[in-house]
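Below is structure32.cif, which holds mmCIF, C-alpha atoms.
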data_protein
loop_
_atom_site.label_atom_id
_atom_site.label_comp_id
_atom_site.auth_asym_id
_atom_site.auth_seq_id
_atom_site.Cartn_x
_atom_site.Cartn_y
_atom_site.Cartn_z
CA MET A 1 20.29 -20.36 -5.84
CA THR A 2 22.51 -17.32 -5.22
CA ALA A 3 22.43 -16.11 -1.67
CA VAL A 4 20.65 -12.81 -1.35
CA PRO A 5 23.16 -11.18 1.03
CA THR A 6 25.98 -11.84 -1.43
CA VAL A 7 24.02 -10.20 -4.23
CA ALA A 8 23.29 -7.25 -2.03
CA ARG A 9 26.94 -6.62 -1.14
CA ASN A 10 28.18 -7.04 -4.68
CA ARG A 11 25.61 -4.62 -6.00
CA GLY A 12 26.60 -2.01 -3.45
CA ALA A 13 30.26 -2.42 -4.31
CA LYS A 14 29.60 -1.85 -8.01
CA ASN A 15 27.60 1.35 -7.53
CA PRO A 16 29.13 3.23 -4.58
CA ALA A 17 28.45 6.67 -6.06
CA VAL A 18 24.77 5.99 -6.72
CA LEU A 19 24.25 4.41 -3.32
CA THR A 20 26.07 7.24 -1.54
CA ALA A 21 23.94 9.81 -3.35
CA ALA A 22 20.79 7.88 -2.47
CA VAL A 23 21.74 7.60 1.22
CA LEU A 24 22.61 11.32 1.45
CA LEU A 25 19.36 12.38 -0.19
CA VAL A 26 17.36 10.02 1.98
CA ALA A 27 19.06 11.51 5.04
CA ALA A 28 18.25 15.00 3.77
CA ALA A 29 14.60 14.07 3.40
CA LEU A 30 14.51 12.70 6.93
CA GLY A 31 15.91 16.06 8.04
CA LEU A 32 12.53 17.49 7.14
CA LEU A 33 11.20 15.57 10.13
CA LEU A 34 12.75 18.05 12.57
CA PRO A 35 10.74 21.14 11.55
CA GLY A 36 7.72 18.89 11.15
CA LEU A 37 8.01 17.79 14.78
CA LEU A 38 7.70 21.41 15.86
CA THR A 39 4.16 21.53 14.47
CA ILE A 40 2.74 18.47 16.19
CA TYR A 41 0.67 18.13 19.33
CA PRO A 42 3.22 17.11 21.97
CA THR A 43 1.00 14.92 24.13
CA ARG A 44 -0.33 12.41 21.61
CA ASP A 45 1.61 12.70 18.36
CA PHE A 46 5.02 12.91 19.97
CA GLY A 47 4.14 9.75 21.89
CA PHE A 48 3.20 8.02 18.63
CA LEU A 49 6.48 9.01 17.03
CA LEU A 50 8.56 7.92 20.03
CA PHE A 51 6.73 4.59 20.01
CA GLY A 52 7.44 4.22 16.30
CA VAL A 53 11.12 5.07 16.78
CA ALA A 54 11.35 2.49 19.59
CA ILE A 55 9.89 -0.23 17.37
CA ALA A 56 12.17 0.77 14.51
CA ALA A 57 15.22 0.69 16.79
CA VAL A 58 14.44 -2.85 17.94
CA ALA A 59 13.66 -3.97 14.40
CA TRP A 60 16.96 -2.62 13.11
CA ARG A 61 18.87 -5.62 14.51
CA HIS A 62 16.43 -8.34 13.45
CA PRO A 63 15.96 -8.90 9.69
CA SER A 64 12.45 -10.34 9.75
CA LEU A 65 10.94 -8.18 12.48
CA PRO A 66 10.78 -4.95 10.38
CA ILE A 67 8.60 -6.75 7.83
CA VAL A 68 6.02 -7.79 10.42
CA THR A 69 6.05 -4.45 12.23
CA THR A 70 5.75 -2.51 8.96
CA VAL A 71 2.67 -4.43 7.87
CA ALA A 72 1.12 -4.27 11.34
CA ALA A 73 1.79 -0.52 11.61
CA PHE A 74 0.21 0.15 8.23
CA VAL A 75 -2.89 -1.90 8.98
CA PHE A 76 -3.55 -0.97 12.60
CA SER A 77 -2.13 2.53 13.12
CA GLY A 78 -5.39 4.03 11.81
CA LEU A 79 -7.31 2.30 14.58
CA LEU A 80 -4.90 3.55 17.24
CA ARG A 81 -5.20 7.09 15.89
CA ARG A 82 -8.98 6.87 16.18
CA VAL A 83 -8.87 5.52 19.73
CA PHE A 84 -6.43 8.34 20.62
CA PRO A 85 -7.65 11.09 18.28
CA ALA A 86 -5.84 14.25 17.28
CA ALA A 87 -7.21 17.68 18.01
CA ASP A 88 -7.54 18.25 14.26
CA ALA A 89 -8.43 15.13 12.25
CA SER A 90 -7.71 16.85 8.92
CA ALA A 91 -4.06 17.51 9.82
CA ASP A 92 -2.79 14.46 11.70
CA PRO A 93 1.03 14.32 11.88
CA SER A 94 0.98 10.86 13.48
CA ALA A 95 -0.06 9.49 10.08
CA ILE A 96 3.66 9.12 9.39
CA PHE A 97 3.93 6.52 12.20
CA PRO A 98 3.85 3.47 9.85
CA PHE A 99 6.65 4.91 7.75
CA ILE A 100 8.84 5.62 10.77
CA VAL A 101 8.46 1.94 11.65
CA ALA A 102 9.36 0.98 8.06
CA LEU A 103 12.58 3.02 7.92
CA PRO A 104 14.93 0.15 8.94
CA LEU A 105 13.41 -1.95 6.17
CA ALA A 106 13.83 0.92 3.70
CA ALA A 107 17.45 1.44 4.77
CA ARG A 108 18.07 -2.25 4.20
CA GLY A 109 16.66 -1.90 0.71
CA ILE A 110 19.23 0.73 -0.21
CA HIS A 111 21.91 -1.96 -0.15
CA PHE A 112 20.07 -4.41 -2.33
CA LYS A 113 20.10 -4.90 -6.09
CA LYS A 114 17.48 -2.73 -7.73
CA PRO A 115 17.06 -1.09 -11.12
CA ALA A 116 18.47 2.33 -11.85
CA ALA A 117 14.89 3.49 -12.43
CA ALA A 118 13.95 2.82 -8.80
CA THR A 119 17.06 4.59 -7.47
CA LEU A 120 16.46 7.65 -9.65
CA LEU A 121 12.77 7.70 -8.67
CA VAL A 122 13.73 7.81 -4.98
CA ILE A 123 16.24 10.59 -5.65
CA TRP A 124 13.74 12.63 -7.66
CA THR A 125 11.06 12.09 -5.02
CA THR A 126 13.48 13.46 -2.44
CA VAL A 127 13.99 16.53 -4.59
CA GLY A 128 10.20 16.79 -4.86
CA ALA A 129 9.95 16.80 -1.06
CA ALA A 130 12.29 19.80 -0.98
CA LEU A 131 9.90 21.71 -3.26
CA SER A 132 7.30 21.54 -0.47
CA PHE A 133 9.54 23.53 1.86
CA THR A 134 6.73 25.92 2.81
CA VAL A 135 4.91 23.03 4.51
CA PRO A 136 7.67 20.67 5.74
CA LEU A 137 5.37 18.04 7.16
CA VAL A 138 3.49 17.81 3.85
CA GLY A 139 6.71 17.22 1.93
CA LEU A 140 7.85 14.65 4.47
CA ALA A 141 4.52 12.80 4.39
CA GLY A 142 4.53 12.75 0.58
CA TRP A 143 8.11 11.46 0.47
CA LEU A 144 7.42 8.77 3.06
CA ASN A 145 4.32 7.63 1.19
CA PHE A 146 6.21 7.27 -2.08
CA ALA A 147 9.89 6.51 -1.47
CA VAL A 148 9.90 4.41 1.69
CA PRO A 149 7.58 1.68 0.33
CA LEU A 150 9.65 1.40 -2.83
CA LEU A 151 12.86 0.99 -0.83
CA ALA A 152 11.11 -1.35 1.62
CA ALA A 153 10.24 -3.62 -1.30
CA PHE A 154 13.91 -4.31 -1.90
CA GLY A 155 14.57 -4.55 1.82
CA ILE A 156 12.09 -7.42 1.93
CA ARG A 157 13.80 -9.13 -0.97
CA SER A 158 17.19 -8.80 0.73
CA THR A 159 15.87 -10.45 3.91
CA PRO A 160 16.17 -14.25 4.13
CA ASP A 161 12.69 -15.70 3.83
CA GLY A 162 11.47 -12.10 3.51
CA VAL A 163 8.77 -12.71 0.92
CA SER A 164 7.23 -15.52 2.96
CA THR A 165 7.34 -13.41 6.12
CA PHE A 166 5.69 -10.54 4.29
CA ALA A 167 2.97 -12.77 2.84
CA ARG A 168 2.15 -14.33 6.21
CA ALA A 169 2.08 -10.97 7.99
CA THR A 170 -0.15 -9.49 5.30
CA VAL A 171 -2.64 -12.35 5.39
CA VAL A 172 -2.87 -12.50 9.20
CA CYS A 173 -3.11 -8.72 9.69
CA GLY A 174 -5.49 -8.47 6.75
CA ALA A 175 -7.73 -11.18 8.19
CA ILE A 176 -7.85 -9.43 11.56
CA ALA A 177 -8.65 -6.09 9.89
CA ALA A 178 -11.35 -7.69 7.73
CA THR A 179 -12.95 -9.35 10.74
CA TYR A 180 -12.98 -6.01 12.54
CA GLY A 181 -14.53 -4.39 9.46
CA ILE A 182 -17.36 -6.93 9.35
CA VAL A 183 -18.09 -6.35 13.04
CA GLN A 184 -17.82 -2.60 12.41
CA TYR A 185 -20.60 -2.85 9.82
CA PHE A 186 -23.02 -4.00 12.53
CA VAL A 187 -21.53 -2.37 15.65
CA ALA A 188 -20.82 1.38 15.73
CA PHE A 189 -17.83 1.62 18.05
CA PRO A 190 -17.63 5.01 19.80
CA TRP A 191 -14.14 5.80 18.50
CA ASP A 192 -15.18 5.05 14.92
CA VAL A 193 -18.30 7.22 15.19
CA ALA A 194 -16.30 10.10 16.68
CA TRP A 195 -13.58 9.81 14.05
CA LEU A 196 -16.08 9.71 11.17
CA GLU A 197 -17.78 12.85 12.48
CA ARG A 198 -14.46 14.65 12.82
CA ALA A 199 -13.06 13.54 9.47
CA GLY A 200 -16.29 14.26 7.58
CA ILE A 201 -15.81 11.64 4.84
CA ARG A 202 -19.26 11.59 3.26
CA SER A 203 -18.65 8.63 0.95
CA ILE A 204 -18.55 6.23 3.93
CA GLY A 205 -22.19 6.83 4.75
CA THR A 206 -23.93 6.44 8.09
CA PHE A 207 -23.68 3.63 10.63
CA GLY A 208 -26.75 1.42 10.58
CA GLU A 209 -27.71 2.23 6.98
CA PRO A 210 -27.53 -0.55 4.35
CA THR A 211 -25.24 1.64 2.22
CA PHE A 212 -22.70 2.11 5.04
CA ARG A 213 -19.19 1.28 3.85
CA PRO A 214 -16.96 -0.16 6.61
CA PHE A 215 -13.42 1.17 6.63
CA ALA A 216 -12.04 -1.39 9.12
CA THR A 217 -8.83 -0.29 10.87
CA LEU A 218 -7.78 1.78 7.86
CA PRO A 219 -8.82 5.35 6.98
CA ALA A 220 -11.06 4.70 3.96
CA PRO A 221 -13.24 1.93 2.46
CA GLN A 222 -11.17 1.83 -0.73
CA THR A 223 -7.96 1.25 1.23
CA ALA A 224 -9.63 -1.51 3.22
CA ALA A 225 -10.84 -3.04 -0.06
CA MET A 226 -7.31 -2.92 -1.48
CA LEU A 227 -5.94 -4.74 1.55
CA SER A 228 -8.66 -7.38 1.25
CA SER A 229 -7.82 -7.80 -2.44
CA VAL A 230 -4.13 -8.30 -1.69
CA VAL A 231 -4.99 -11.00 0.88
CA ILE A 232 -7.22 -12.75 -1.66
CA LEU A 233 -4.51 -12.62 -4.34
CA ILE A 234 -1.92 -14.09 -1.97
CA VAL A 235 -4.23 -16.88 -0.83
CA VAL A 236 -5.18 -17.77 -4.41
CA PHE A 237 -1.84 -17.40 -6.20
CA ARG A 238 0.90 -17.62 -3.57
CA ARG A 239 -0.53 -19.98 -1.00
CA THR A 240 2.73 -21.94 -0.86
CA LEU A 241 4.43 -18.96 0.76
CA LEU A 242 2.09 -18.95 3.74
CA ARG A 243 2.74 -22.35 5.31
CA SER A 244 -0.46 -21.78 7.24
CA GLY A 245 -3.12 -24.22 8.30
CA THR A 246 -6.40 -24.65 6.49
CA ALA A 247 -8.31 -22.81 9.20
CA VAL A 248 -6.16 -19.67 8.77
CA LEU A 249 -6.57 -19.74 5.00
CA ILE A 250 -10.35 -20.11 5.26
CA TRP A 251 -10.57 -17.33 7.84
CA ALA A 252 -8.47 -14.97 5.71
CA LEU A 253 -10.34 -15.71 2.49
CA VAL A 254 -13.86 -15.51 3.94
CA SER A 255 -13.30 -12.37 6.03
CA SER A 256 -11.47 -10.54 3.24
CA SER A 257 -14.07 -11.47 0.64
CA VAL A 258 -16.99 -10.31 2.80
CA LEU A 259 -15.30 -7.03 3.73
CA LEU A 260 -14.40 -6.44 0.08
CA LEU A 261 -18.09 -6.67 -0.84
CA LEU A 262 -19.26 -4.50 2.06
CA THR A 263 -16.87 -1.67 1.14
CA LEU A 264 -18.82 -1.15 -2.11
CA ALA A 265 -15.52 -0.14 -3.77
CA ARG A 266 -16.33 -0.62 -7.45
CA THR A 267 -12.92 0.29 -8.82
CA VAL A 268 -11.25 -2.25 -6.54
CA TRP A 269 -13.80 -4.88 -7.56
CA LEU A 270 -12.92 -4.31 -11.20
CA ALA A 271 -9.22 -4.25 -10.47
CA LEU A 272 -9.38 -7.53 -8.54
CA ALA A 273 -11.53 -9.21 -11.21
CA LEU A 274 -9.05 -8.17 -13.88
CA ALA A 275 -6.13 -9.30 -11.74
CA LEU A 276 -7.69 -12.72 -11.17
CA ILE A 277 -8.35 -13.18 -14.89
CA VAL A 278 -4.82 -12.14 -15.85
CA GLY A 279 -3.39 -14.32 -13.09
CA LEU A 280 -5.29 -17.36 -14.33
CA LEU A 281 -4.15 -16.73 -17.88
CA ALA A 282 -0.56 -16.20 -16.78
CA THR A 283 -0.57 -19.49 -14.85
CA GLY A 284 -2.27 -21.39 -17.65
CA GLY A 285 -5.32 -22.02 -15.47
CA ARG A 286 -3.32 -23.92 -12.87
CA ARG A 287 -4.75 -21.79 -10.04
CA ALA A 288 -8.38 -22.13 -11.13
CA ARG A 289 -9.19 -24.66 -8.43
CA GLN A 290 -7.83 -22.36 -5.71
CA LEU A 291 -10.18 -19.64 -6.95
CA VAL A 292 -13.30 -21.76 -6.35
CA PRO A 293 -13.59 -20.99 -2.59
CA PHE A 294 -13.49 -17.23 -3.28
CA VAL A 295 -16.19 -17.48 -5.94
CA ALA A 296 -18.28 -19.64 -3.59
CA VAL A 297 -18.05 -17.10 -0.75
CA VAL A 298 -19.11 -14.27 -3.09
CA ALA A 299 -22.00 -16.30 -4.50
CA LEU A 300 -23.28 -17.31 -1.05
CA PHE A 301 -23.08 -13.73 0.21
CA LEU A 302 -24.97 -12.31 -2.75
CA SER A 303 -27.62 -15.02 -2.53
CA PHE A 304 -28.36 -15.16 1.18
CA ALA A 305 -26.96 -12.10 2.99
CA PRO A 306 -29.40 -9.17 3.38
CA GLN A 307 -26.60 -6.86 2.20
CA GLY A 308 -26.29 -8.86 -1.01
CA GLU A 309 -28.97 -6.74 -2.70
CA VAL A 310 -27.06 -3.56 -1.87
CA VAL A 311 -23.87 -5.01 -3.35
CA ILE A 312 -25.69 -6.13 -6.50
CA GLY A 313 -27.27 -2.70 -6.84
CA ARG A 314 -23.88 -1.06 -6.49
CA ALA A 315 -22.40 -3.34 -9.14
CA GLN A 316 -25.27 -2.63 -11.52
CA THR A 317 -24.37 1.07 -11.51
CA LEU A 318 -21.32 0.12 -13.57
CA THR A 319 -23.69 -0.25 -16.53
CA GLN A 320 -25.07 3.26 -15.96
CA LEU A 321 -21.90 5.30 -15.74
CA GLN A 322 -23.24 8.19 -17.81
CA SER A 323 -25.57 9.14 -14.94
CA ASP A 324 -23.15 8.22 -12.14
CA LYS A 325 -21.98 11.32 -10.26
CA SER A 326 -18.88 9.66 -8.88
CA PHE A 327 -17.72 8.46 -12.29
CA ASN A 328 -18.42 11.79 -13.98
CA ALA A 329 -16.56 13.72 -11.29
CA ARG A 330 -13.52 11.52 -11.67
CA ARG A 331 -13.72 11.63 -15.47
CA ASP A 332 -13.65 15.42 -15.29
CA LEU A 333 -10.31 15.17 -13.53
CA VAL A 334 -8.72 14.19 -16.82
CA GLY A 335 -9.44 17.72 -17.99
CA GLN A 336 -7.11 19.00 -15.27
CA ALA A 337 -4.10 17.22 -16.72
CA ASP A 338 -3.00 20.17 -18.87
CA ALA A 339 -2.92 22.42 -15.80
CA LEU A 340 -0.67 19.94 -13.98
CA VAL A 341 1.90 19.44 -16.72
CA SER A 342 5.30 20.88 -15.77
CA PRO A 343 8.90 19.60 -15.91
CA ILE A 344 9.48 19.34 -12.14
CA GLY A 345 6.02 19.57 -10.53
CA ILE A 346 4.95 21.56 -7.49
CA GLY A 347 6.40 19.26 -4.81
CA ILE A 348 5.41 15.87 -3.48
CA GLY A 349 2.55 15.79 -1.00
CA ARG A 350 0.96 19.01 -2.25
CA LEU A 351 -1.90 17.28 -4.10
CA SER A 352 -2.25 14.04 -2.18
CA ALA A 353 -4.60 13.25 0.67
CA ALA A 354 -2.00 14.25 3.25
CA SER A 355 -2.30 17.90 2.24
CA ARG A 356 -5.98 18.38 1.44
CA ALA A 357 -6.31 20.67 4.42
CA VAL A 358 -3.65 22.90 2.84
CA GLU A 359 -4.46 22.72 -0.86
CA ASN A 360 -8.20 21.90 -0.68
CA SER A 361 -7.53 19.44 -3.48
CA THR A 362 -10.15 17.11 -4.91
CA ILE A 363 -7.82 15.23 -7.26
CA ASP A 364 -8.54 11.52 -6.91
CA ASN A 365 -6.32 10.08 -9.62
CA GLY A 366 -2.94 8.62 -8.77
CA TYR A 367 -1.36 9.37 -12.13
CA LEU A 368 -2.49 13.00 -12.11
CA ILE A 369 -1.14 13.36 -8.57
CA VAL A 370 2.27 12.05 -9.63
CA LEU A 371 2.22 14.28 -12.70
CA GLY A 372 1.34 17.36 -10.67
CA GLU A 373 3.67 16.68 -7.73
CA LEU A 374 6.73 15.29 -9.52
CA GLY A 375 6.21 16.70 -13.01
CA LEU A 376 7.04 15.09 -16.34
CA VAL A 377 10.38 13.85 -15.00
CA GLY A 378 8.79 12.04 -12.05
CA MET A 379 6.03 10.57 -14.20
CA GLY A 380 8.65 9.37 -16.67
CA LEU A 381 10.61 7.67 -13.88
CA LEU A 382 7.45 6.01 -12.57
CA VAL A 383 6.63 4.67 -16.04
CA TRP A 384 10.24 3.48 -16.31
CA VAL A 385 9.89 1.50 -13.08
CA LEU A 386 6.64 -0.10 -14.28
CA VAL A 387 8.20 -0.95 -17.66
CA TRP A 388 11.17 -2.51 -15.89
CA LEU A 389 8.84 -4.66 -13.81
CA ALA A 390 6.93 -5.67 -16.94
CA ARG A 391 10.17 -6.67 -18.66
CA GLN A 392 11.10 -8.81 -15.68
CA SER A 393 7.81 -10.63 -16.12
CA ARG A 394 9.03 -11.93 -19.47
CA ARG A 395 12.20 -13.40 -17.99
CA VAL A 396 10.92 -15.28 -14.95
CA ASP A 397 7.80 -17.02 -13.75
CA SER A 398 6.05 -13.78 -12.91
CA SER A 399 2.34 -14.39 -12.93
CA PHE A 400 2.10 -12.77 -9.50
CA LEU A 401 3.77 -9.59 -10.73
CA THR A 402 1.57 -9.50 -13.81
CA LEU A 403 -1.68 -9.71 -11.90
CA LEU A 404 -0.50 -7.15 -9.33
CA LEU A 405 0.43 -4.59 -11.97
CA VAL A 406 -2.85 -5.09 -13.80
CA GLY A 407 -4.88 -5.24 -10.61
CA SER A 408 -3.46 -2.04 -9.16
CA ALA A 409 -3.94 -0.10 -12.41
CA GLY A 410 -7.69 0.38 -11.99
CA SER A 411 -7.42 1.59 -8.41
CA PHE A 412 -4.61 3.94 -9.41
CA VAL A 413 -6.58 5.50 -12.28
CA PHE A 414 -9.63 6.24 -10.12
CA GLY A 415 -8.00 6.62 -6.76
CA ASN A 416 -5.05 7.88 -4.81
CA LEU A 417 -1.66 6.23 -4.48
CA PRO A 418 -2.28 2.54 -3.71
CA GLY A 419 -0.37 2.84 -0.46
CA LEU A 420 2.42 1.04 1.30
CA LEU A 421 1.21 -2.53 0.91
CA LEU A 422 0.50 -2.47 -2.82
CA TRP A 423 3.70 -0.60 -3.66
CA THR A 424 5.72 -3.11 -1.68
CA LEU A 425 4.02 -6.05 -3.36
CA ALA A 426 4.69 -4.58 -6.79
CA GLY A 427 8.33 -4.19 -5.88
CA ILE A 428 8.84 -7.81 -4.83
CA GLY A 429 6.35 -9.53 -7.09
CA HIS A 430 8.65 -10.13 -10.02
CA ARG A 431 10.74 -12.74 -8.24
CA GLU A 432 9.02 -16.05 -7.69
CA GLU A 433 10.48 -17.89 -4.71
CA ASP A 434 10.30 -21.49 -3.66
CA PRO A 435 9.76 -21.46 0.13
CA ASN A 436 11.76 -24.66 0.46
CA ASP A 437 14.70 -23.12 -1.36
CA VAL A 438 14.51 -20.01 0.79
CA ALA A 439 14.37 -22.00 3.98
CA THR A 440 17.33 -24.22 3.06
CA SER A 441 19.49 -21.71 1.22
CA ASP A 442 18.96 -18.39 2.93
CA SER A 443 17.69 -18.83 6.46
CA SER A 444 20.99 -20.15 7.76
CA LYS A 445 23.10 -17.36 6.23
CA PRO A 446 23.70 -14.04 7.90
CA SER A 447 22.26 -10.97 6.27
CA PRO A 448 24.05 -7.66 5.85
CA SER A 449 23.29 -4.99 8.38
CA PRO A 450 21.38 -2.04 6.93
#

Rendering of file as structure tokens:
Amino acid sequence: MTAVPTVARNRGAKNPAVLTAAVLLVAAALGLLLPGLLTIYPTRDFGFLLFGVAIAAVAWRHPSLPIVTTVAAFVFSGLLRRVFPAADASADPSAIFPFIVALPLAARGIHFKKPAAATLLVIWTTVGAALSFTVPLVGLAGWLNFAVPLLAAFGIRSTPDGVSTFARATVVCGAIAATYGIVQYFVAFPWDVAWLERAGIRSIGTFGEPTFRPFATLPAPQTAAMLSSVVILIVVFRRTLLRSGTAVLIWALVSSSVLLLLTLARTVWLALALALIVGLLATGGRRARQLVPFVAVVALFLSFAPQGEVVIGRAQTLTQLQSDKSFNARRDLVGQADALVSPIGIGIGRLSAASRAVENSTIDNGYLIVLGELGLVGMGLLVWVLVWLARQSRRVDSSFLTLLLVGSAGSFVFGNLPGLLLWTLAGIGHREEDPNDVATSDSSKPSPSP
């Protein structure tokens, strides 16, 4: 097995011009942070950013620490922002906190072997951030949401035992978040009630009602459902990476499965079901036995939990889509595609959730957002990256990549960008690793500094 650090250095030596251009453009994008800082609330948001910079500075010198801190920041920063709320919940600059923490990991990824498609996508995204110059913080937030996770994916791959570290951190943090979400369904914590009133997200519902959709430590039920789905996929298909005890696996699977059902996120349900089917086919049915506990948890919940009837009723609406307001509203978004078609787009972040207070946008389709923000060029680069990942799946044992690409497709069609965790998983999923090989071949070798 070729040592990862060696591959990383060789790749950088072969493409100095591309890497230099990428580093300069990344630095230019980070320069947008300075005018953005001038718009924040100094007491709370500046403290968040300083805390994030402190974590990132410590993580810079330790290869595995950025992986854990990145996952933890993504999962739990929403809870911290609710406990210490902003004056204006619709324009919260501290939302970039997880990406500040992830910057050392992203910088590490610049030095690692990656396809030209990914490099060009990062460069074009940086250009797209510049197009949002009228609202610097919007451009910065859009760039961080898109480019940093893609670079972080390769930073994880360049870290010895990085995939295993990422899997363990995701499962543990996901299990904690899912447990909190289940408690949140029954207990209306004051900070959650206050945040929900300030944010005004109607689709979550009302605490105490059977149709309430817990959002756990994250900002929306769909995002919480995505995280739960990722935990389930790891436990079912990549359990060997975890090296965790049976109790941890059971806790993660049960809590994530229950929260997934309580979120009532139909598109994520479909995406996960499709991912599980594709994963079983890709593995020749070898993981079927590991899927039994998940199916058992779902069956027991639907049969005996009082909320089971609500979940079944929500699922049954999938057979009545013609009269479903949510489906019809999202279907109408397809009609907006012609208005979004342009060569370069209007600038990243201008149509995404980070800028709804500015644009008053209701677009809830990831592909349309990319098309509108980055134009035909950006959409073409995104498709190129996905095609490259698909081609890799034909060359290696890539069942995990296959199910991730298929599983994320449904949430991306009827939803916003999948977020940091799913992007990162898609970036690393094509390389199957044997934990024993990683431990014996890579853990004892020094890694290149970012």

Taking into account all atoms listed in the file, which residue in the set A:Leu103, A:Leu260, A:Ile204, A:Val370 is nearest to Ala54 of chain A? A:Leu103

Assuming 3 Å of padding per side, give the centre and edge lengths of the axis-aligned box around every listed atom of segment 283-297 of chain A, in Å to one decimal and as AutoDock Vina command-line options.
--center_x -9.4 --center_y -20.9 --center_z -9.2 --size_x 23.7 --size_y 13.6 --size_z 22.9

Please, what distance in Å, to one decimal, runs between atom CA of Ser244 of chain A and atom CA of Ser164 of chain A?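 That distance, rounded to one decimal, is 10.8 Å.
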
Determine, counting only C-alpha atoms, every residue of protein, DNA or RNA that lies within 12 Å of (0.1, 1.5, 11.3) in the file coordinates, then give the result as a PyMOL selection string. chain A and resi 48-49+51-52+55+68-82+94-102+173+177+217-219+419-421

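Taken over the shown file, the PyMOL selection byres ((chain A and resi 376) around 7) identifies Val341, Ser342, Pro343, Ile344, Leu371, Leu374, Gly375, Val377, Gly378, Met379 and Gly380 of chain A.
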
What do you get, as number ranges by chain, if you spell out every residue that the PyMOL selection byres ((chain A and resi 284-288) around 12) selects here? A: 233-240, 276-283, 289-295, 397, 399-400

Expressed in Å, the length from atom CA of Trp269 of chain A to atom CA of Ser257 of chain A is 10.5 Å

Give as an MDAnalysis selection string the residues that the PyMOL selection byres ((chain A and resi 384) around 12) matches when applied to the coordinates above. chainID A and resid 115:121 377:383 385:391

Could you tell me which of A:Val187, A:Val83, A:Leu131, A:Val231 comes closest to Val172 of chain A if we count all atoms listed in the file?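 Closest candidate: A:Val231.
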
Go through A:Val254, A:Leu242, A:Pro93, A:Gln316 one by one, measure the shortest atom-to-atom distance of each to Phe46 of chain A using all atoms listed in the file, and give the residue with the smallest value.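 Answer, going by the shortest atom-to-atom distance: A:Pro93.
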
For Ala178 of chain A, which of A:Val258, A:Ala57, A:Ala339, A:Leu249 is the closest residue, counting all atoms listed in the file?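 Of A:Val258, A:Ala57, A:Ala339, A:Leu249, the one nearest Ala178 of chain A is A:Val258, counting all atoms listed in the file.
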
Between atom CA of Phe215 of chain A and atom CA of Thr170 of chain A, measure the distance and give it in Å to one decimal.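 Atom CA of Thr170 of chain A lies at a distance of 17.1 Å from atom CA of Phe215 of chain A.
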
Phe84 of chain A proximity check over A:Ala107, A:Ala129, A:Leu140, A:Ala194, using all atoms listed in the file: winner is A:Ala194

Find the spatial neighbours of Ser229 of chain A, counting all atoms listed in the file, within a cut-off of 10 Å - ignore same-chain residues fewer than 6 positions away - and output them as a list in words.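 The residues that qualify are Gly174, Thr223, Val235, Leu253, Ser256, Ser257, Leu259, Leu260, Val268, Trp269, Ala271, Leu272, Ala273, Ala275, Gly407, Ser408 and Leu422 of chain A.
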
Considering only C-alpha atoms, state which residue in the set A:Thr263, A:Ser255, A:Ser64, A:Ser303 is at the smallest distance from Thr159 of chain A.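 Ranked by minimum distance to Thr159 of chain A, first place goes to A:Ser64.
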